[in-house]
Every structure is written in structure tokens, then in C-alpha cells.
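Undergrad: The structure is given below, and queries will be raised subsequently.
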Amino acid sequence: MRIFVTGGAGYVGSACLRLLLAQGHDAIAFDNLSEGHRLAVPEGRLIEGDIRDTAALAAAMKTHGAEAVMHFAAATYVGESVTNPDHHYGNNIGGTLSLLRAMREAGVARMLFSSTCATYGDNPEPPMNEEAAQIPCSPYARTKLAVEWMIRDFAHAYGLGYTILRYFNASGADGDGEFGENHEPETHLIPLLLQVALGQRDKLMLYGDDYPTPDGTCIRDYVHTDDLASAHLLAIAATTPTTAEVFNIGTGNGQSVKQVHQACEDVTGRRIPLQVVARRPGDAPALVADPTKLKTRLGWTPRYEDIRATVQTAWAWHQRYPKGYADKAARK
């Protein structure tokens with residue numbers, strides 16, 4: 001299948017792109033590299049561009065002969081969405097509107113959208129299935145929910161098959177240690193802990209240890225990028241021009257901050273200091289997926305259900321490239 005991947009140079013988008021290519025699909029990334037990395041994309045598989053440029057999108061899709069779109073491109077920093085909602089609404093909602101218009105012009109009738117468990121908000125009853133109430137708590141999450149409805153409305157009015165994937169905490173790195181997580185600024189727990197282990201940070205700031213959880217710290221569902229990518233391949237294969245589906249992607253196993261911290265100390269063999277500080281506004285006590293629908297409908301099975309196995313892949317990447325893709329570029 002010829003697949004057009006917006007945000008295909010990003011952390012999850014590039015993992016999906018690489019698996020698509022490995023499985024024999026003709027996939028191309030479209031990315032402005034504002035948050036993605038050129039070296040995360042195989043040679044000759046990147047088109048630089050902004051999804052708000054409808055004409056450029058449509059032209060690129062026509063040139064590629066795209067049969068389907070995987071849409072990852074988005075502004076993703078929750079904190080930034082609070083201080084600069086203009087950027088998030090303009091990029092996430094405005095960019096998706098541009099993409100949907102370009103798809104109509106290029107005659108592409110199948111779409112996979114990378115959504116998020118953040119649309120569920122502070123839901124008190126994990127694990128969450130796809131019918132859980134969506135009460136987003138941040139501008140970022142509200143933009144993702146708005147895009148879900150935009151896609152539904154376009155599908156109803158113009159004919160479009162879509163699958164929405166709400167995934168939980170993306171984590172880990174490619175098994176060969178050549179591709180992994182590299183954000184600026186870094187906000188995700190596992191890379192922050194590993195940066196402390198490498199001496200790049202003095203300690204991890206632990207935002208609250210008084211939550212109503214067994215050890216007082218927030219619980220999240222960490223799903224490896226390899227497993228995210230395999231779910232995307234199953235979903236795009238099942239998406240027809242009349243599909244209207246939503247799936248959660250998560251292991252169904254929640255890990256607390258302290259449990260992830262212990263896993264990182266075990267894997268690295270190094271002490272990782274913590275400093276407990278005040279809670280962050282909007283942090284839900286627990287966000288854990290119910291992936292039953294994805295497993296039963298599409299036959300998805302995660303390979304990484306042990307958090308230590310996920311951390312091991314991330315640690316291999318961080319040890320090999322402590323400065324991420326900047327190190328990789330310097331060695332070329």
C-alpha cells in the first residue's frame with residue numbers, strides 16, 4: 001500500500017514509517033521537522049513541508065499516489081498548550097483541516113489518526129475502554145478531541161474511512177538501539193530518568209507522592225513504540241473507505257512513577273535521585289488502557305508488557321546516543 005505519513009519524522013511516526021517500509025509498503029513522511037528528526041527517516045523517504053500548506057500536501061499526495069494517510073503531525077507539549085494555545089489550535093486543528101481538504105483534492109479516502117488517552121481527561125475508573133467519557137483537561141487534549149470530531153464530520157459529509165487510535169504513554173526505542181526518543185525539551189518520564197542515570201541531570205522531579213494510588217505516585221500505561229507501530233499496521237490494513245472505528249492502544253498494565261524509577265535503576269545499575277515536589281495541575285492519578293477491543297478485533301498482541309524490557313531498549317539508545325540525533329548526525 002502507498003501510505004502518506006504526516007509527522008513521519010517524529011518519535012512514533014518514524015517508528016511506524018520504518019515498520020511500514022520493512023513490511024514492504026511504499027511509505028513517505030511529510031514533516032516540517034519542528035519536532036521531528038531528519039535522521040529518524042530512511043534516506044529518500046522525507047518530504048519537508050507544513051501540513052497547513054494544503055496545496056503542498058495535495059501535490060505531494062498526488063505525486064506519491066497515496067492510497068491512505070497516517071496522521072501523526074501535531075504539537076504535543078501539554079504545558080505549552082496552556083501557555084500558547086494559539087500554536088496548538090492552529091497546528092493541530094488548522095493543520096488537520098488543511099490535511100482533510102488536501103485528501104479530498106487528492107482523492108485519498110482512508111485515514112488513520114493518532115489521537116491520545118488525554119482526551120479521557122481525569123477519568124476516575126481505569127482501565128478505560130473506548131466508551132469512557134471524554135473530558136479533556138488541557139488545550140492539547142481538547143485539540144485532539146476536536147480533531148476526532150472533525151474527522152467524523154468530514155467522513156459523514158464527504159465519504160472517508162477512518163480509524164482513530166487513542167494511545168497511552170509511548171515509550172522505548174528500536175531494538176537495534178539506532179532510533180529512539182529525543183525531544184527538546186524532554187518531558188517524558190523514562191528518558192528523564194535515564195538522563196539522570198547518564199549524569200545529564202542531577203535528579204528527577206517527582207510531581208506529587210500523595211495520589212490515591214498504592215504508592216502515592218501517578219500510574220500510567222507504557223506502550224512500546226514497536227507495539228504502537230504494529231497496531232498501526234493492523235489498523236491501516238483494516239481501514240476501508242467506509243470504516244469508522246476507534247481503538248485504544250495500551251498494554252492494560254499500569255506502572256507508577258516509583259515503579260518506573262525502580263525499573264530504570266535496575267536496568268542501568270545506577271542510583272537515580274528523586275526530589276518530590278508539588279503536583280502538576282491536570283495530572284490524573286491513573287490512566288490505564290483497556291485494549292480488549294484492539295486485541296479481539298484486530299488480533300493485536302503487545303510484545304513489551306514488562307516495563308524493564310521497555311526500559312532496556314530505551315537505555316541502549318541513550319547509551320549509544322546520549323545527545324540523541326545530534327550525536328547520530330555528528331557520527332555520519
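Convention: chains lettered A, B, ... in C-alpha cells order; per-chain residue numbering from 1; ligands numbered from 1 as shown.
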Region 69-160 of chain A near region 278-294 of chain A within 6 Å: what's each residue's closest atom pair and its distance in Å to one decimal, counting only C-alpha atoms, ordered by chain then ascending residue number, as a Markdown table?
TA:
| residue | atom | partner | partner_atom | distance |
| --- | --- | --- | --- | --- |
| A:Asp122 | CA | A:Ala284 | CA | 4.9 |
| A:Pro126 | CA | A:Val288 | CA | 5.4 |
| A:Pro127 | CA | A:Val288 | CA | 4.7 |
| A:Met128 | CA | A:Ala289 | CA | 5.0 |
| A:Asn129 | CA | A:Asp290 | CA | 4.9 |
Undergrad: What parts of region 273-313 of chain A does DSSP call strand (DSSP E or B)? I'd like the answer as a list of chain:residue names.
TA: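 DSSP-assigned strand (DSSP E or B) residues in region 273-313 of chain A: A:Leu274, A:Gln275, A:Val276, A:Val277, A:Ala286, A:Leu287, A:Ala289.
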Undergrad: Which residues come within 9 Å of region 42-52 of chain A, counting only C-alpha atoms, excluding same-chain residues fewer than 6 positions away, as a short mmCIF file (atom, residue, chain, number, x, y, z; two decimals) with N, CA and C atoms, in the first residue's frame?
TA:
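The result, stored in around-v9.cif:
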data_model
loop_
_atom_site.label_atom_id
_atom_site.label_comp_id
_atom_site.auth_asym_id
_atom_site.auth_seq_id
_atom_site.Cartn_x
_atom_site.Cartn_y
_atom_site.Cartn_z
N THR A 6 2.01 11.85 7.81
CA THR A 6 2.29 13.19 8.31
C THR A 6 2.94 13.06 9.69
N GLY A 7 3.92 13.93 9.95
CA GLY A 7 4.67 13.80 11.20
C GLY A 7 5.52 12.55 11.23
N GLY A 8 5.93 12.10 10.05
CA GLY A 8 6.66 10.84 9.93
C GLY A 8 8.10 10.89 10.37
N ALA A 9 8.59 12.07 10.78
CA ALA A 9 9.94 12.17 11.34
C ALA A 9 9.92 12.25 12.86
N SER A 14 7.86 8.09 13.03
CA SER A 14 9.01 7.48 12.34
C SER A 14 9.10 5.98 12.63
N LEU A 17 6.67 4.51 10.30
CA LEU A 17 7.19 4.61 8.93
C LEU A 17 8.21 3.50 8.67
N ARG A 18 9.13 3.31 9.61
CA ARG A 18 10.16 2.29 9.41
C ARG A 18 9.57 0.89 9.35
N ALA A 27 5.89 3.82 1.75
CA ALA A 27 5.51 4.88 2.68
C ALA A 27 6.44 6.08 2.55
N ILE A 28 5.87 7.26 2.72
CA ILE A 28 6.64 8.50 2.64
C ILE A 28 6.24 9.40 3.81
N ALA A 29 7.22 10.09 4.39
CA ALA A 29 6.96 11.01 5.51
C ALA A 29 6.82 12.43 5.00
N PHE A 30 5.90 13.17 5.60
CA PHE A 30 5.72 14.60 5.33
C PHE A 30 5.83 15.29 6.68
N ASP A 31 6.88 16.12 6.86
CA ASP A 31 7.18 16.67 8.18
C ASP A 31 7.93 17.99 8.02
N ASN A 32 7.61 18.96 8.89
CA ASN A 32 8.34 20.24 8.84
C ASN A 32 9.56 20.25 9.74
N LEU A 33 9.81 19.13 10.43
CA LEU A 33 10.99 18.93 11.29
C LEU A 33 11.03 19.89 12.48
N ALA A 60 1.89 16.62 -2.97
CA ALA A 60 2.74 15.52 -2.52
C ALA A 60 1.98 14.20 -2.52
N ALA A 73 1.17 14.27 12.66
CA ALA A 73 1.68 15.63 12.83
C ALA A 73 0.84 16.41 13.84
N GLY A 90 -3.86 26.18 16.17
CA GLY A 90 -3.51 26.44 14.78
C GLY A 90 -2.89 25.25 14.10
N ASN A 91 -2.00 24.56 14.80
CA ASN A 91 -1.30 23.42 14.21
C ASN A 91 -2.17 22.17 14.19
N GLY A 94 -6.09 23.49 12.80
CA GLY A 94 -5.90 24.09 11.48
C GLY A 94 -5.15 23.18 10.53
N GLY A 95 -4.11 22.51 11.05
CA GLY A 95 -3.34 21.60 10.21
C GLY A 95 -4.15 20.41 9.74
N THR A 96 -4.99 19.87 10.62
CA THR A 96 -5.81 18.72 10.21
C THR A 96 -6.88 19.14 9.22
N LEU A 97 -7.44 20.31 9.39
CA LEU A 97 -8.41 20.81 8.40
C LEU A 97 -7.74 20.92 7.02
N SER A 98 -6.52 21.44 7.01
CA SER A 98 -5.76 21.52 5.76
C SER A 98 -5.53 20.13 5.17
N LEU A 99 -5.18 19.18 6.01
CA LEU A 99 -4.93 17.82 5.55
C LEU A 99 -6.20 17.19 4.97
#
Undergrad: Select from region 196-280 of chain A everything DSSP, run on the backbone, classes as helix (DSSP H, G or I), then give the selection as a list in words.
TA: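 So, restricting region 196-280 of chain A to helix (DSSP H, G or I), we get Val196, Ala197, Thr225, Asp226, Asp227, Leu228, Ala229, Ser230, Ala231, His232, Leu233, Leu234, Ala235, Ile236, Ala237, Ala238, Val257, Lys258, Gln259, Val260, His261, Gln262, Ala263, Cys264, Glu265, Asp266, Val267 and Thr268 of chain A.
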Undergrad: Using C-alpha atoms, can you write the selected residues to a file as a PDB file, in the first residue's frame?
TA:
ATOM      1  CA  VAL A 196      19.799  11.310  35.363  1.00  0.00           C
ATOM      2  CA  ALA A 197      21.476   7.898  35.126  1.00  0.00           C
ATOM      3  CA  THR A 225       6.791   2.152  20.039  1.00  0.00           C
ATOM      4  CA  ASP A 226       7.255  -1.235  18.333  1.00  0.00           C
ATOM      5  CA  ASP A 227       3.855  -2.277  19.672  1.00  0.00           C
ATOM      6  CA  LEU A 228       2.324   1.054  18.666  1.00  0.00           C
ATOM      7  CA  ALA A 229       3.702   0.582  15.164  1.00  0.00           C
ATOM      8  CA  SER A 230       2.355  -2.969  14.857  1.00  0.00           C
ATOM      9  CA  ALA A 231      -1.088  -1.734  15.936  1.00  0.00           C
ATOM     10  CA  HIS A 232      -0.977   0.983  13.279  1.00  0.00           C
ATOM     11  CA  LEU A 233      -0.149  -1.556  10.570  1.00  0.00           C
ATOM     12  CA  LEU A 234      -3.035  -3.789  11.608  1.00  0.00           C
ATOM     13  CA  ALA A 235      -5.383  -0.803  11.740  1.00  0.00           C
ATOM     14  CA  ILE A 236      -4.460   0.661   8.354  1.00  0.00           C
ATOM     15  CA  ALA A 237      -4.868  -2.756   6.726  1.00  0.00           C
ATOM     16  CA  ALA A 238      -8.368  -2.999   8.209  1.00  0.00           C
ATOM     17  CA  VAL A 257       6.267   6.637  38.721  1.00  0.00           C
ATOM     18  CA  LYS A 258       8.087   4.862  41.548  1.00  0.00           C
ATOM     19  CA  GLN A 259       7.836   1.516  39.753  1.00  0.00           C
ATOM     20  CA  VAL A 260       9.290   3.015  36.561  1.00  0.00           C
ATOM     21  CA  HIS A 261      12.015   4.667  38.637  1.00  0.00           C
ATOM     22  CA  GLN A 262      12.902   1.290  40.174  1.00  0.00           C
ATOM     23  CA  ALA A 263      12.944  -0.360  36.743  1.00  0.00           C
ATOM     24  CA  CYS A 264      15.351   2.302  35.458  1.00  0.00           C
ATOM     25  CA  GLU A 265      17.658   1.815  38.444  1.00  0.00           C
ATOM     26  CA  ASP A 266      17.559  -1.965  37.945  1.00  0.00           C
ATOM     27  CA  VAL A 267      18.313  -1.779  34.213  1.00  0.00           C
ATOM     28  CA  THR A 268      21.066   0.853  34.452  1.00  0.00           C
TER      29      THR A 268
END
Undergrad: Between A:Lys62, A:Arg220, A:Arg270, A:Arg166, which residue has the minimum interatomic distance to Leu112 (chain A), considering only C-alpha atoms?
TA: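 Nearest candidate to Leu112 (chain A) out of A:Lys62, A:Arg220, A:Arg270, A:Arg166: A:Arg166.
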Undergrad: Between CA of Leu298 (chain A) and CA of Ile93 (chain A), what is the distance, to one decimal in Å?
TA: 28.6 Å
Undergrad: Quick one: of A:Gly252, A:Gly107, A:Gly208, A:Pro139, who's nearest to Leu274 (chain A), counting only C-alpha atoms?
TA: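 Closest to Leu274 (chain A) of all the choices is A:Gly208.
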Undergrad: One decimal, Å: what's the distance from CA of Ala66 (chain A) over to CA of Gly36 (chain A), could you say?
TA: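 Here the two named atoms are 21.5 Å from each other.
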Undergrad: One decimal, in Å: what's the spacing between CA of Tyr167 (chain A) and CA of Leu194 (chain A)?
TA: 22.7 Å
Undergrad: Find the residues near Ala141 (chain A): any atom within 12 Å, counting only C-alpha atoms, skip ones fewer than 2 places away on the same chain, and give them as a PyMOL selection string.
TA: chain A and resi 74-82+85+88-89+92-93+115-122+134-139+143-148+166+282
Undergrad: Using only N, CA and C atoms, please write the residues we just selected to a file, as a compact mmCIF listing (two decimals), in the first residue's frame.
TA:
# COMPACT_ATOMS: atom_id res chain seq x y z
N ALA A 74 1.49 16.92 14.88
CA ALA A 74 0.76 17.67 15.92
C ALA A 74 1.75 18.34 16.86
N ALA A 75 1.32 19.43 17.46
CA ALA A 75 2.02 20.00 18.61
C ALA A 75 1.58 19.18 19.81
N THR A 76 2.54 18.74 20.64
CA THR A 76 2.22 17.71 21.65
C THR A 76 2.53 18.09 23.09
N TYR A 77 3.13 19.25 23.33
CA TYR A 77 3.52 19.58 24.70
C TYR A 77 2.33 20.15 25.48
N VAL A 78 1.91 19.41 26.50
CA VAL A 78 0.72 19.80 27.27
C VAL A 78 0.93 21.16 27.94
N GLY A 79 2.08 21.34 28.59
CA GLY A 79 2.34 22.61 29.26
C GLY A 79 2.34 23.78 28.31
N GLU A 80 2.95 23.61 27.15
CA GLU A 80 2.97 24.67 26.15
C GLU A 80 1.57 24.98 25.65
N SER A 81 0.72 23.97 25.60
CA SER A 81 -0.64 24.21 25.12
C SER A 81 -1.41 25.14 26.05
N VAL A 82 -1.03 25.15 27.34
CA VAL A 82 -1.67 26.04 28.31
C VAL A 82 -1.18 27.47 28.13
N PRO A 85 -1.89 28.40 23.59
CA PRO A 85 -2.93 27.61 22.91
C PRO A 85 -3.05 27.95 21.43
N HIS A 88 -1.17 25.44 19.39
CA HIS A 88 -1.76 24.10 19.38
C HIS A 88 -3.05 24.07 18.56
N TYR A 89 -3.89 25.05 18.73
CA TYR A 89 -5.13 25.08 17.94
C TYR A 89 -4.82 25.30 16.46
N ASN A 92 -2.78 21.84 15.32
CA ASN A 92 -3.49 20.57 15.42
C ASN A 92 -4.85 20.60 14.72
N ILE A 93 -5.61 21.67 14.96
CA ILE A 93 -6.92 21.76 14.31
C ILE A 93 -6.79 22.35 12.91
N SER A 115 -4.54 9.74 17.91
CA SER A 115 -5.13 10.51 18.99
C SER A 115 -4.48 10.11 20.31
N THR A 116 -5.13 10.38 21.42
CA THR A 116 -4.47 10.22 22.71
C THR A 116 -5.45 9.89 23.83
N CYS A 117 -4.96 9.18 24.82
CA CYS A 117 -5.76 8.91 26.01
C CYS A 117 -6.04 10.19 26.79
N ALA A 118 -5.32 11.27 26.49
CA ALA A 118 -5.55 12.54 27.19
C ALA A 118 -6.95 13.07 26.93
N THR A 119 -7.62 12.59 25.87
CA THR A 119 -8.99 13.04 25.62
C THR A 119 -9.95 12.54 26.70
N TYR A 120 -9.56 11.49 27.44
CA TYR A 120 -10.41 10.98 28.50
C TYR A 120 -10.36 11.87 29.75
N GLY A 121 -9.31 12.66 29.87
CA GLY A 121 -9.20 13.57 31.00
C GLY A 121 -8.94 12.84 32.30
N ASP A 122 -9.41 13.41 33.38
CA ASP A 122 -9.20 12.85 34.72
C ASP A 122 -10.29 11.83 35.00
N GLN A 134 -15.15 11.32 27.58
CA GLN A 134 -14.04 12.16 27.14
C GLN A 134 -14.22 13.57 27.70
N ILE A 135 -13.39 13.89 28.70
CA ILE A 135 -13.46 15.19 29.38
C ILE A 135 -12.04 15.74 29.43
N PRO A 136 -11.50 16.22 28.29
CA PRO A 136 -10.09 16.63 28.23
C PRO A 136 -9.80 17.79 29.17
N CYS A 137 -8.59 17.75 29.77
CA CYS A 137 -8.22 18.72 30.80
C CYS A 137 -7.20 19.76 30.33
N SER A 138 -6.76 19.72 29.10
CA SER A 138 -5.75 20.67 28.62
C SER A 138 -6.11 21.11 27.20
N PRO A 139 -5.60 22.26 26.78
CA PRO A 139 -5.82 22.66 25.38
C PRO A 139 -5.32 21.60 24.40
N THR A 143 -7.70 19.87 21.61
CA THR A 143 -7.48 19.91 20.16
C THR A 143 -7.58 18.51 19.56
N LYS A 144 -7.08 17.50 20.28
CA LYS A 144 -7.15 16.13 19.78
C LYS A 144 -8.59 15.65 19.69
N LEU A 145 -9.39 15.99 20.70
CA LEU A 145 -10.80 15.60 20.67
C LEU A 145 -11.53 16.33 19.55
N ALA A 146 -11.21 17.61 19.37
CA ALA A 146 -11.83 18.38 18.29
C ALA A 146 -11.50 17.76 16.93
N VAL A 147 -10.27 17.29 16.76
CA VAL A 147 -9.88 16.67 15.50
C VAL A 147 -10.64 15.36 15.30
N GLU A 148 -10.83 14.59 16.37
CA GLU A 148 -11.63 13.37 16.23
C GLU A 148 -13.00 13.69 15.65
N ARG A 166 -6.36 5.90 20.01
CA ARG A 166 -6.04 6.67 21.23
C ARG A 166 -5.00 5.88 22.00
N GLY A 282 -3.74 19.07 36.57
CA GLY A 282 -4.24 18.26 35.46
C GLY A 282 -3.70 16.85 35.39
Undergrad: Give me the residues within 6 Å of Val69 (chain A) as a list in words, counting only C-alpha atoms and dropping any in the same chain fewer than 3 places off.
TA: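 Using only C-alpha atoms, the neighbours found are Ile3, Phe4, Val5 and Met111 of chain A.
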Undergrad: Skipping near chain neighbours, those fewer than 2 positions away, what residues fall within 12 Å of Lys328 (chain A) using only C-alpha atoms, listed as a list in words?
TA: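 Neighbouring residues, sequence-local ones excluded: His37, Arg38, Leu39, Ala40, Gly177, Glu178, Phe179, Gly180, Asn182, Trp317, His318, Arg320, Tyr321, Pro322, Lys323, Gly324, Tyr325, Ala326, Ala330, Arg331 and Lys332 of chain A.
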Undergrad: Would you save the residues from that selection as a CSV table (one decimal), in the first residue's frame, using N, CA and C atoms?
TA:
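Written file, again_18.csv:
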chain,number,residue,atom,x,y,z
A,37,HIS,N,12.9,14.5,13.4
A,37,HIS,CA,14.4,14.5,13.1
A,37,HIS,C,14.6,13.8,11.8
A,38,ARG,N,15.4,14.5,10.9
A,38,ARG,CA,15.6,14.0,9.6
A,38,ARG,C,16.2,12.6,9.7
A,39,LEU,N,17.1,12.4,10.6
A,39,LEU,CA,17.8,11.1,10.7
A,39,LEU,C,17.0,9.9,11.2
A,40,ALA,N,15.7,10.3,11.7
A,40,ALA,CA,14.8,9.2,12.1
A,40,ALA,C,14.1,8.6,10.9
A,177,GLY,N,18.9,-0.2,18.9
A,177,GLY,CA,19.5,1.0,19.5
A,177,GLY,C,19.8,2.1,18.6
A,178,GLU,N,19.3,2.1,17.4
A,178,GLU,CA,19.6,3.1,16.4
A,178,GLU,C,18.6,4.3,16.3
A,179,PHE,N,17.4,4.1,16.9
A,179,PHE,CA,16.3,5.1,16.8
A,179,PHE,C,15.6,5.1,18.1
A,180,GLY,N,15.3,6.3,18.6
A,180,GLY,CA,14.6,6.4,19.9
A,180,GLY,C,14.1,7.7,20.2
A,182,ASN,N,13.8,11.5,21.5
A,182,ASN,CA,14.7,12.7,21.5
A,182,ASN,C,13.8,13.9,21.4
A,317,TRP,N,19.5,2.9,23.5
A,317,TRP,CA,19.5,4.1,22.7
A,317,TRP,C,20.2,5.2,23.4
A,318,HIS,N,19.9,5.5,24.6
A,318,HIS,CA,20.5,6.6,25.3
A,318,HIS,C,22.0,6.4,25.6
A,320,ARG,N,24.0,4.7,23.6
A,320,ARG,CA,24.7,4.8,22.3
A,320,ARG,C,24.7,6.3,21.8
A,321,TYR,N,23.6,7.0,22.0
A,321,TYR,CA,23.5,8.3,21.5
A,321,TYR,C,23.0,9.2,22.7
A,322,PRO,N,23.9,9.6,23.6
A,322,PRO,CA,23.4,10.4,24.8
A,322,PRO,C,22.8,11.7,24.4
A,323,LYS,N,23.2,12.3,23.3
A,323,LYS,CA,22.6,13.5,22.8
A,323,LYS,C,21.6,13.3,21.7
A,324,GLY,N,21.1,12.1,21.6
A,324,GLY,CA,20.1,11.8,20.6
A,324,GLY,C,20.6,11.9,19.2
A,325,TYR,N,19.7,12.5,18.3
A,325,TYR,CA,20.0,12.6,16.9
A,325,TYR,C,21.2,13.5,16.6
A,326,ALA,N,21.5,14.4,17.5
A,326,ALA,CA,22.7,15.3,17.3
A,326,ALA,C,23.9,14.4,17.3
A,330,ALA,N,26.5,13.8,14.1
A,330,ALA,CA,28.0,14.1,14.3
A,330,ALA,C,28.8,12.9,13.8
A,331,ARG,N,28.2,11.7,13.9
A,331,ARG,CA,29.0,10.5,13.5
A,331,ARG,C,28.8,10.1,12.1
A,332,LYS,N,28.0,10.8,11.3
A,332,LYS,CA,27.8,10.5,9.9
A,332,LYS,C,29.0,10.9,9.1
Undergrad: Which residue gives the smallest distance to Gly159 (chain A) among A:Arg104, A:His183, A:Arg297, A:Arg303, with only C-alpha atoms counted?
TA: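 When distances to Gly159 (chain A) are compared using only C-alpha atoms, the smallest one comes from A:Arg104.
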